[in-house]
Every structure is written in structure tokens, then in C-alpha cells.
file structure.cif (mmCIF, C-alpha atoms)
data_model
#
loop_
_atom_site.label_atom_id
_atom_site.label_comp_id
_atom_site.auth_asym_id
_atom_site.auth_seq_id
_atom_site.Cartn_x
_atom_site.Cartn_y
_atom_site.Cartn_z
CA GLU A 1 104.87 114.35 91.10
CA THR A 2 102.42 111.73 92.36
CA GLY A 3 103.54 108.85 94.50
CA VAL A 4 102.50 105.21 94.39
CA THR A 5 98.79 104.61 94.81
CA GLN A 6 97.29 101.27 95.80
CA SER A 7 93.68 100.18 95.79
CA PRO A 8 91.71 99.10 97.62
CA THR A 9 93.15 99.96 101.03
CA HIS A 10 91.35 97.13 102.79
CA LEU A 11 89.72 93.96 101.53
CA ILE A 12 88.03 90.94 103.08
CA LYS A 13 87.75 87.75 101.06
CA THR A 14 86.65 84.19 101.70
CA ARG A 15 89.00 81.25 101.44
CA GLY A 16 89.02 79.87 97.89
CA GLN A 17 88.09 83.17 96.26
CA GLN A 18 90.20 85.21 93.88
CA VAL A 19 91.41 88.78 94.44
CA THR A 20 92.94 91.54 92.34
CA LEU A 21 95.00 94.33 93.86
CA ARG A 22 95.97 97.42 91.91
CA CYS A 23 98.93 99.76 91.89
CA SER A 24 99.63 103.01 90.06
CA SER A 25 103.34 103.64 89.88
CA GLN A 26 105.05 106.95 90.43
CA SER A 27 105.26 109.13 87.35
CA GLY A 28 108.31 108.22 85.25
CA HIS A 29 108.86 104.86 86.91
CA ASN A 30 108.79 101.79 84.63
CA THR A 31 109.39 99.05 87.20
CA VAL A 32 106.92 97.76 89.75
CA SER A 33 107.60 95.26 92.52
CA TRP A 34 105.15 93.58 94.86
CA TYR A 35 105.85 92.53 98.43
CA GLN A 36 103.80 90.59 100.97
CA GLN A 37 104.07 91.64 104.61
CA ALA A 38 102.50 89.17 107.02
CA LEU A 39 101.69 90.36 110.52
CA GLY A 40 104.86 90.77 112.57
CA GLN A 41 107.13 90.03 109.61
CA GLY A 42 109.21 91.99 107.17
CA PRO A 43 108.06 92.36 103.58
CA GLN A 44 108.78 89.43 101.27
CA PHE A 45 109.40 89.84 97.56
CA ILE A 46 106.66 88.36 95.36
CA PHE A 47 107.66 89.50 91.87
CA GLN A 48 108.76 92.42 89.76
CA TYR A 49 107.56 93.75 86.42
CA TYR A 50 109.68 95.79 84.05
CA ARG A 51 108.12 97.20 80.90
CA GLU A 52 105.20 94.77 81.06
CA GLU A 53 107.30 91.62 81.53
CA GLU A 54 108.01 89.67 84.72
CA ASN A 55 111.59 90.38 85.73
CA GLY A 56 112.05 88.19 88.77
CA ARG A 57 109.99 86.20 91.20
CA GLY A 58 110.28 85.27 94.83
CA ASN A 59 109.28 82.04 96.52
CA PHE A 60 105.55 82.29 95.89
CA PRO A 61 103.30 79.71 94.19
CA PRO A 62 101.89 80.22 90.67
CA ARG A 63 98.49 81.21 92.06
CA PHE A 64 100.16 84.57 92.66
CA SER A 65 100.30 86.28 89.28
CA GLY A 66 100.64 89.78 87.98
CA LEU A 67 100.35 92.16 85.10
CA GLN A 68 101.90 95.43 84.13
CA PHE A 69 100.16 97.73 81.71
CA PRO A 70 101.59 100.12 79.08
CA ASN A 71 101.20 103.02 81.51
CA TYR A 72 103.30 100.96 83.99
CA SER A 73 100.47 100.48 86.46
CA SER A 74 100.21 96.95 87.77
CA GLU A 75 97.91 94.30 89.18
CA LEU A 76 98.53 91.48 91.60
CA ASN A 77 96.15 88.54 91.30
CA VAL A 78 95.83 85.78 93.84
CA ASN A 79 93.72 82.71 93.08
CA ALA A 80 92.35 80.11 95.48
CA LEU A 81 92.92 82.30 98.52
CA GLU A 82 94.22 80.66 101.68
CA LEU A 83 94.05 81.94 105.23
CA ASP A 84 97.83 82.47 105.21
CA ASP A 85 97.45 84.94 102.36
CA SER A 86 96.13 87.45 104.89
CA ALA A 87 98.74 90.21 104.87
CA LEU A 88 99.60 93.73 103.84
CA TYR A 89 100.49 93.80 100.16
CA LEU A 90 102.93 96.53 99.22
CA CYS A 91 103.63 97.86 95.77
CA ALA A 92 106.86 99.71 95.03
CA SER A 93 107.88 101.48 91.87
CA SER A 94 111.35 102.44 90.73
CA LEU A 95 112.92 104.35 87.88
CA ASN A 96 114.20 101.16 86.25
CA LYS A 97 114.97 97.60 87.19
CA ARG A 98 118.56 98.29 88.16
CA THR A 99 117.89 101.15 90.55
CA GLY A 100 115.00 99.62 92.40
CA GLY A 101 116.43 99.07 95.82
CA TYR A 102 118.29 102.31 95.43
CA GLY A 103 115.18 104.29 94.71
CA TYR A 104 111.98 102.50 95.57
CA THR A 105 108.82 104.44 96.29
CA PHE A 106 106.39 102.34 98.29
CA GLY A 107 102.63 102.66 98.35
CA SER A 108 100.65 102.50 101.58
CA GLY A 109 99.56 98.96 100.85
CA THR A 110 96.39 96.88 100.64
CA ARG A 111 95.39 95.03 103.79
CA LEU A 112 93.91 91.68 102.69
CA THR A 113 92.06 89.54 105.21
CA VAL A 114 91.04 86.02 104.21
CA VAL A 115 88.32 84.43 106.33
CA ALA B 1 121.57 84.60 98.60
CA GLN B 2 121.00 87.40 101.07
CA SER B 3 119.54 87.47 104.55
CA VAL B 4 119.03 90.04 107.29
CA THR B 5 118.86 89.59 111.04
CA GLN B 6 117.51 92.33 113.25
CA LEU B 7 118.28 91.79 116.92
CA GLY B 8 115.33 92.62 119.14
CA SER B 9 111.76 92.69 117.93
CA HIS B 10 111.10 95.57 120.33
CA VAL B 11 113.40 98.29 121.63
CA SER B 12 112.27 100.76 124.30
CA VAL B 13 114.00 104.07 124.97
CA SER B 14 113.18 107.25 126.84
CA GLU B 15 112.74 110.50 124.98
CA GLY B 16 116.15 112.10 124.57
CA ALA B 17 118.05 108.82 124.90
CA LEU B 18 120.29 107.19 122.31
CA VAL B 19 118.55 104.96 119.78
CA LEU B 20 120.45 101.88 118.59
CA LEU B 21 118.76 99.36 116.30
CA ARG B 22 120.89 96.41 115.26
CA CYS B 23 121.12 94.82 111.85
CA ASN B 24 123.39 92.06 110.60
CA TYR B 25 123.35 90.83 107.04
CA SER B 26 124.57 87.99 104.92
CA SER B 27 125.36 88.53 101.27
CA SER B 28 127.36 86.66 98.67
CA VAL B 29 128.13 89.88 96.79
CA PRO B 30 128.91 93.44 97.91
CA PRO B 31 125.59 94.57 99.32
CA TYR B 32 123.47 97.64 99.11
CA LEU B 33 121.98 98.22 102.57
CA PHE B 34 118.90 100.14 103.59
CA TRP B 35 116.87 101.19 106.58
CA TYR B 36 113.16 101.81 106.15
CA VAL B 37 110.62 103.11 108.65
CA GLN B 38 106.96 102.14 108.75
CA TYR B 39 104.35 104.07 110.67
CA PRO B 40 101.02 102.39 111.51
CA ASN B 41 98.84 101.75 108.47
CA GLN B 42 101.42 103.21 106.13
CA GLY B 43 103.92 101.99 103.59
CA LEU B 44 107.68 102.04 103.91
CA GLN B 45 109.72 105.23 103.91
CA LEU B 46 113.43 105.15 103.15
CA LEU B 47 115.53 106.48 106.03
CA LEU B 48 118.97 105.98 104.54
CA LYS B 49 121.01 103.73 102.25
CA TYR B 50 124.55 102.53 101.75
CA THR B 51 125.69 101.67 98.25
CA THR B 52 129.41 102.41 97.93
CA GLY B 53 131.89 104.91 99.33
CA ALA B 54 131.68 106.42 102.80
CA THR B 55 130.68 103.81 105.32
CA LEU B 56 128.92 106.25 107.65
CA VAL B 57 125.69 107.34 106.03
CA LYS B 58 123.32 110.00 107.24
CA GLY B 59 119.62 109.88 106.63
CA ILE B 60 116.48 111.76 107.37
CA ASN B 61 115.22 112.78 110.81
CA GLY B 62 118.71 112.68 112.37
CA PHE B 63 119.32 108.95 111.82
CA GLU B 64 122.62 107.53 110.68
CA ALA B 65 124.10 104.07 110.11
CA GLU B 66 127.58 102.67 109.70
CA PHE B 67 128.47 99.87 107.30
CA LYS B 68 131.01 97.54 108.91
CA LYS B 69 132.06 94.89 106.44
CA SER B 70 134.19 92.94 108.93
CA GLU B 71 131.22 92.63 111.28
CA THR B 72 128.60 92.32 108.48
CA SER B 73 126.61 94.94 110.33
CA PHE B 74 124.64 98.05 109.49
CA HIS B 75 123.31 99.36 112.81
CA LEU B 76 120.99 102.37 112.92
CA THR B 77 121.54 105.11 115.49
CA LYS B 78 120.09 108.43 116.54
CA PRO B 79 121.67 110.48 119.34
CA SER B 80 118.42 111.65 120.90
CA ALA B 81 115.05 109.92 120.52
CA HIS B 82 111.89 111.87 119.90
CA MET B 83 108.35 110.70 120.51
CA SER B 84 107.70 110.91 116.76
CA ASP B 85 110.38 108.25 116.16
CA ALA B 86 108.08 105.55 117.53
CA ALA B 87 107.51 103.22 114.59
CA GLU B 88 108.70 99.95 113.11
CA TYR B 89 112.12 99.90 111.47
CA PHE B 90 113.25 97.48 108.80
CA CYS B 91 116.75 96.75 107.63
CA ALA B 92 117.07 95.46 104.07
CA VAL B 93 119.80 94.21 101.77
CA SER B 94 120.00 94.12 97.99
CA PRO B 95 122.65 92.64 95.71
CA SER B 96 124.56 95.51 94.18
CA GLY B 97 123.10 96.45 90.84
CA TYR B 98 119.85 94.54 91.30
CA SER B 99 116.68 95.73 92.84
CA THR B 100 115.15 92.93 94.88
CA LEU B 101 115.14 93.76 98.57
CA THR B 102 115.45 91.19 101.33
CA PHE B 103 114.07 92.55 104.60
CA GLY B 104 114.63 91.69 108.22
CA LYS B 105 111.67 90.99 110.48
CA GLY B 106 111.66 94.51 111.83
CA THR B 107 112.21 96.21 115.16
CA MET B 108 109.46 98.17 116.86
CA LEU B 109 110.86 101.27 118.53
CA LEU B 110 108.91 102.45 121.56
CA VAL B 111 109.67 105.91 122.96
CA SER B 112 108.47 106.86 126.42
CA PRO B 113 108.27 110.40 127.82
#
call {"tool": "encode", "arguments": {"input": "structure.cif", "output": "C-alpha cells"}}
result
Amino acid sequence: ETGVTQSPTHLIKTRGQQVTLRCSSQSGHNTVSWYQQALGQGPQFIFQYYREEENGRGNFPPRFSGLQFPNYSSELNVNALELDDSALYLCASSLNKRTGGYGYTFGSGTRLTVV
Amino acid sequence: AQSVTQLGSHVSVSEGALVLLRCNYSSSVPPYLFWYVQYPNQGLQLLLKYTTGATLVKGINGFEAEFKKSETSFHLTKPSAHMSDAAEYFCAVSPSGYSTLTFGKGTMLLVSP
């Protein structure tokens, strides 16, 4: 049983650019959630995808968008990058949308630095 | 709405000493409560969770936590610290039946020999 895989592990982008982060969910999991963890802070919920549809969103602007594919892998896209977007982005998969917190599997994250 | 407060951004203990990491929560519905651990450059690993039933929950690596509704607390303890316990610990709350987690700011546990 594979866990959650995120790519890339590290990324440096320039302010104003766009970035795509990728996540492969654990086998059998159909729900993917994304969290942003700024330095010295706890993770903050960005959004969740369940069976290819957005199933909830945190307090993040529309330039944060996502996709979930038929194989339940997911992408997080951020447009018009700002310096404050520098953070560790965590992907978590769960068996279904109602057991998420109960049974999340987190990936190791993508460290995004915006300069 | 839910929120989590973790008292102390850093806690230092000696190896073999009691570990106590404090967590207080606010929730408008009966909460699910979690403790996660994060080692450097890694994701989050679930230590333990409370959903319903017994209020004292045991987790991995000898950690346990007690849900106290009257105090809105879910403190994490371990009788004897080990050097390998040095990491950052996050308390989180989720509305029962839903999956979004609200995390505290974390507590860094430092263990000295």
C-alpha cells in the first residue's frame, strides 16, 4: 500500500509567476485535501476534492485553485504568486470525505519559496 | 467555527521526564480531536485521536491524551521522554462527521540528555 506522494519536494518561484504542485493519493482513497503551512504556523485548510469536485474551501483567494483526476490524484495551482505564499504545502488523502480527519494520510509536502 | 490554542510554542524537558503539551479547543459541535507529530522536513503523522467514547485515548510511541469537555482541553502526555520524541506537535479539531481539520500553531518539544 503506497502512501501519499507529493512533487516536487522543493520549488523556488518568482513573485507573479504561476506554480503547480502535484499529489498522488494513497491507494483506495477518493478524497484529497490541501493545507498550507507557513513557517512557525500550523497547517491551514485550502480546499478539498472528492471524486473530482471541490468539496469545501478555506479562506484562500481564487488564485488558489485545484483539480482532482479520475485516478484521484490532485493538483494545486497558484497564480500570481506573492511572497506570503512561501510555505510548506501539504496534501492529505482520506478514504472518503466523511472520514478525512479520522483517517488522513499526509504527504511530506512541497516547500515553495517565492522570491 | 472551531479553533485550537496550544500553550507554549516551545517546551523543554530532560530525557526521562514527563512530557505535557497543552491544547484547548473551541467548537460549536461535539469535536473530533487529534494530535499530530511533525519531524523536520516531513509531513504530519497521527499520534492519536478522540472521536467518541472513552475520554482517555492512547496513541503511538507511548503518548496519551485525555478529552475533558468541561475544560475544553485535550492535553498530550507521555510519562518518560525519549530523545526521539523531539519534534513539533500539533493539536487539531474537526467537526464530528466532517473532515476539515483546524490546527493549532504547534509546540516544539525539545528533549535534552
call {"tool": "residues_near_point", "arguments": {"input": "structure.cif", "point": "(125.8, 107.0, 103.0)", "cutoff": "12 Å", "atoms": "all atoms listed in the file", "output": "list in words"}}
result
Tyr102 of chain A; Tyr32, Leu33, Phe34, Trp35, Leu47, Leu48, Lys49, Tyr50, Thr51, Thr52, Gly53, Ala54, Thr55, Leu56, Val57, Lys58, Gly59, Ile60, Phe63, Glu64, Ala65, Glu66, Phe67, Phe74 and Leu76 of chain B
call {"tool": "residues_around", "arguments": {"input": "structure.cif", "residues": "Gly43 in chain B", "least_positions_apart": "5", "cutoff": "12 Å", "atoms": "all atoms listed in the file", "output": "ChimeraX atom specification"}}
result
/A:3-6,9,35-37,42-43,88-92,104-111 /B:36-38,87-90
call {"tool": "closest_residue", "arguments": {"input": "structure.cif", "among": "B:Pro40, B:Gly104, B:Pro30, B:Gly62", "to": "chain A", "atoms": "all atoms listed in the file"}}
result
B:Gly104
call {"tool": "residues_around", "arguments": {"input": "structure.cif", "residues": "Val115 in chain A", "least_positions_apart": "2", "cutoff": "10 Å", "atoms": "only C-alpha atoms", "output": "ChimeraX atom specification"}}
result
/A:12-16,81-86,112-113
call {"tool": "closest_atom_pairs", "arguments": {"input": "structure.cif", "of": "chain B", "to": "chain A", "cutoff": "8 Å", "atoms": "all atoms listed in the file", "output": "JSON lines"}}
result
{"residue": "B:Tyr32", "atom": "CA", "partner": "A:Tyr102", "partner_atom": "CA", "distance": 7.9}
{"residue": "B:Asn41", "atom": "CA", "partner": "A:Ser108", "partner_atom": "CA", "distance": 7.2}
{"residue": "B:Gln42", "atom": "CA", "partner": "A:Ser108", "partner_atom": "CA", "distance": 4.7}
{"residue": "B:Gly43", "atom": "CA", "partner": "A:Ser108", "partner_atom": "CA", "distance": 3.9}
{"residue": "B:Leu44", "atom": "CA", "partner": "A:Phe106", "partner_atom": "CA", "distance": 5.8}
{"residue": "B:Gln45", "atom": "CA", "partner": "A:Phe106", "partner_atom": "CA", "distance": 7.1}
{"residue": "B:Lys49", "atom": "CA", "partner": "A:Tyr102", "partner_atom": "CA", "distance": 7.5}
{"residue": "B:Thr51", "atom": "CA", "partner": "A:Tyr102", "partner_atom": "CA", "distance": 7.9}
{"residue": "B:Phe90", "atom": "CA", "partner": "A:Gly42", "partner_atom": "CA", "distance": 7.0}
{"residue": "B:Ser94", "atom": "CA", "partner": "A:Gly101", "partner_atom": "CA", "distance": 6.5}
{"residue": "B:Gly97", "atom": "CA", "partner": "A:Arg98", "partner_atom": "CA", "distance": 5.6}
{"residue": "B:Tyr98", "atom": "CA", "partner": "A:Arg98", "partner_atom": "CA", "distance": 5.1}
{"residue": "B:Ser99", "atom": "CA", "partner": "A:Gly100", "partner_atom": "CA", "distance": 4.3}
{"residue": "B:Thr100", "atom": "CA", "partner": "A:Gly101", "partner_atom": "CA", "distance": 6.3}
{"residue": "B:Leu101", "atom": "CA", "partner": "A:Gly101", "partner_atom": "CA", "distance": 6.1}
{"residue": "B:Thr102", "atom": "CA", "partner": "A:Gln44", "partner_atom": "CA", "distance": 6.9}
{"residue": "B:Phe103", "atom": "CA", "partner": "A:Gly42", "partner_atom": "CA", "distance": 5.5}
{"residue": "B:Gly104", "atom": "CA", "partner": "A:Gly42", "partner_atom": "CA", "distance": 5.5}
{"residue": "B:Lys105", "atom": "CA", "partner": "A:Gly42", "partner_atom": "CA", "distance": 4.2}
{"residue": "B:Gly106", "atom": "CA", "partner": "A:Gly42", "partner_atom": "CA", "distance": 5.8}
call {"tool": "atom_distance", "arguments": {"input": "structure.cif", "atom1": "CA of Ser73 in chain B", "atom2": "CA of Cys23 in chain B"}}
result
5.7 Å
call {"tool": "residues_around", "arguments": {"input": "structure.cif", "residues": "Thr107 in chain B", "least_positions_apart": "6", "cutoff": "8 Å", "atoms": "all atoms listed in the file", "output": "PyMOL selection string"}}
result
chain B and resi 6-11+21+88-90
call {"tool": "closest_residue", "arguments": {"input": "structure.cif", "among": "B:Asn61, B:Ser96, B:Ser3, B:Ser28", "to": "Ser80 in chain B", "atoms": "all atoms listed in the file"}}
result
B:Asn61
call {"tool": "residues_around", "arguments": {"input": "structure.cif", "residues": "range 76-78 of chain A", "least_positions_apart": "4", "cutoff": "8 Å", "atoms": "all atoms listed in the file", "output": "PyMOL selection string"}}
result
chain A and resi 18-22+34+63-67
call {"tool": "atom_distance", "arguments": {"input": "structure.cif", "atom1": "CA of Leu109 in chain B", "atom2": "CA of Ser12 in chain B"}}
result
6.0 Å
call {"tool": "atom_distance", "arguments": {"input": "structure.cif", "atom1": "CA of Gln26 in chain A", "atom2": "CA of Tyr72 in chain A"}}
result
9.0 Å
call {"tool": "resolve_selection", "arguments": {"input": "structure.cif", "expression": "the PyMOL selection byres ((chain B and resi 84) around 10)", "output": "count of residues only"}}
result
11
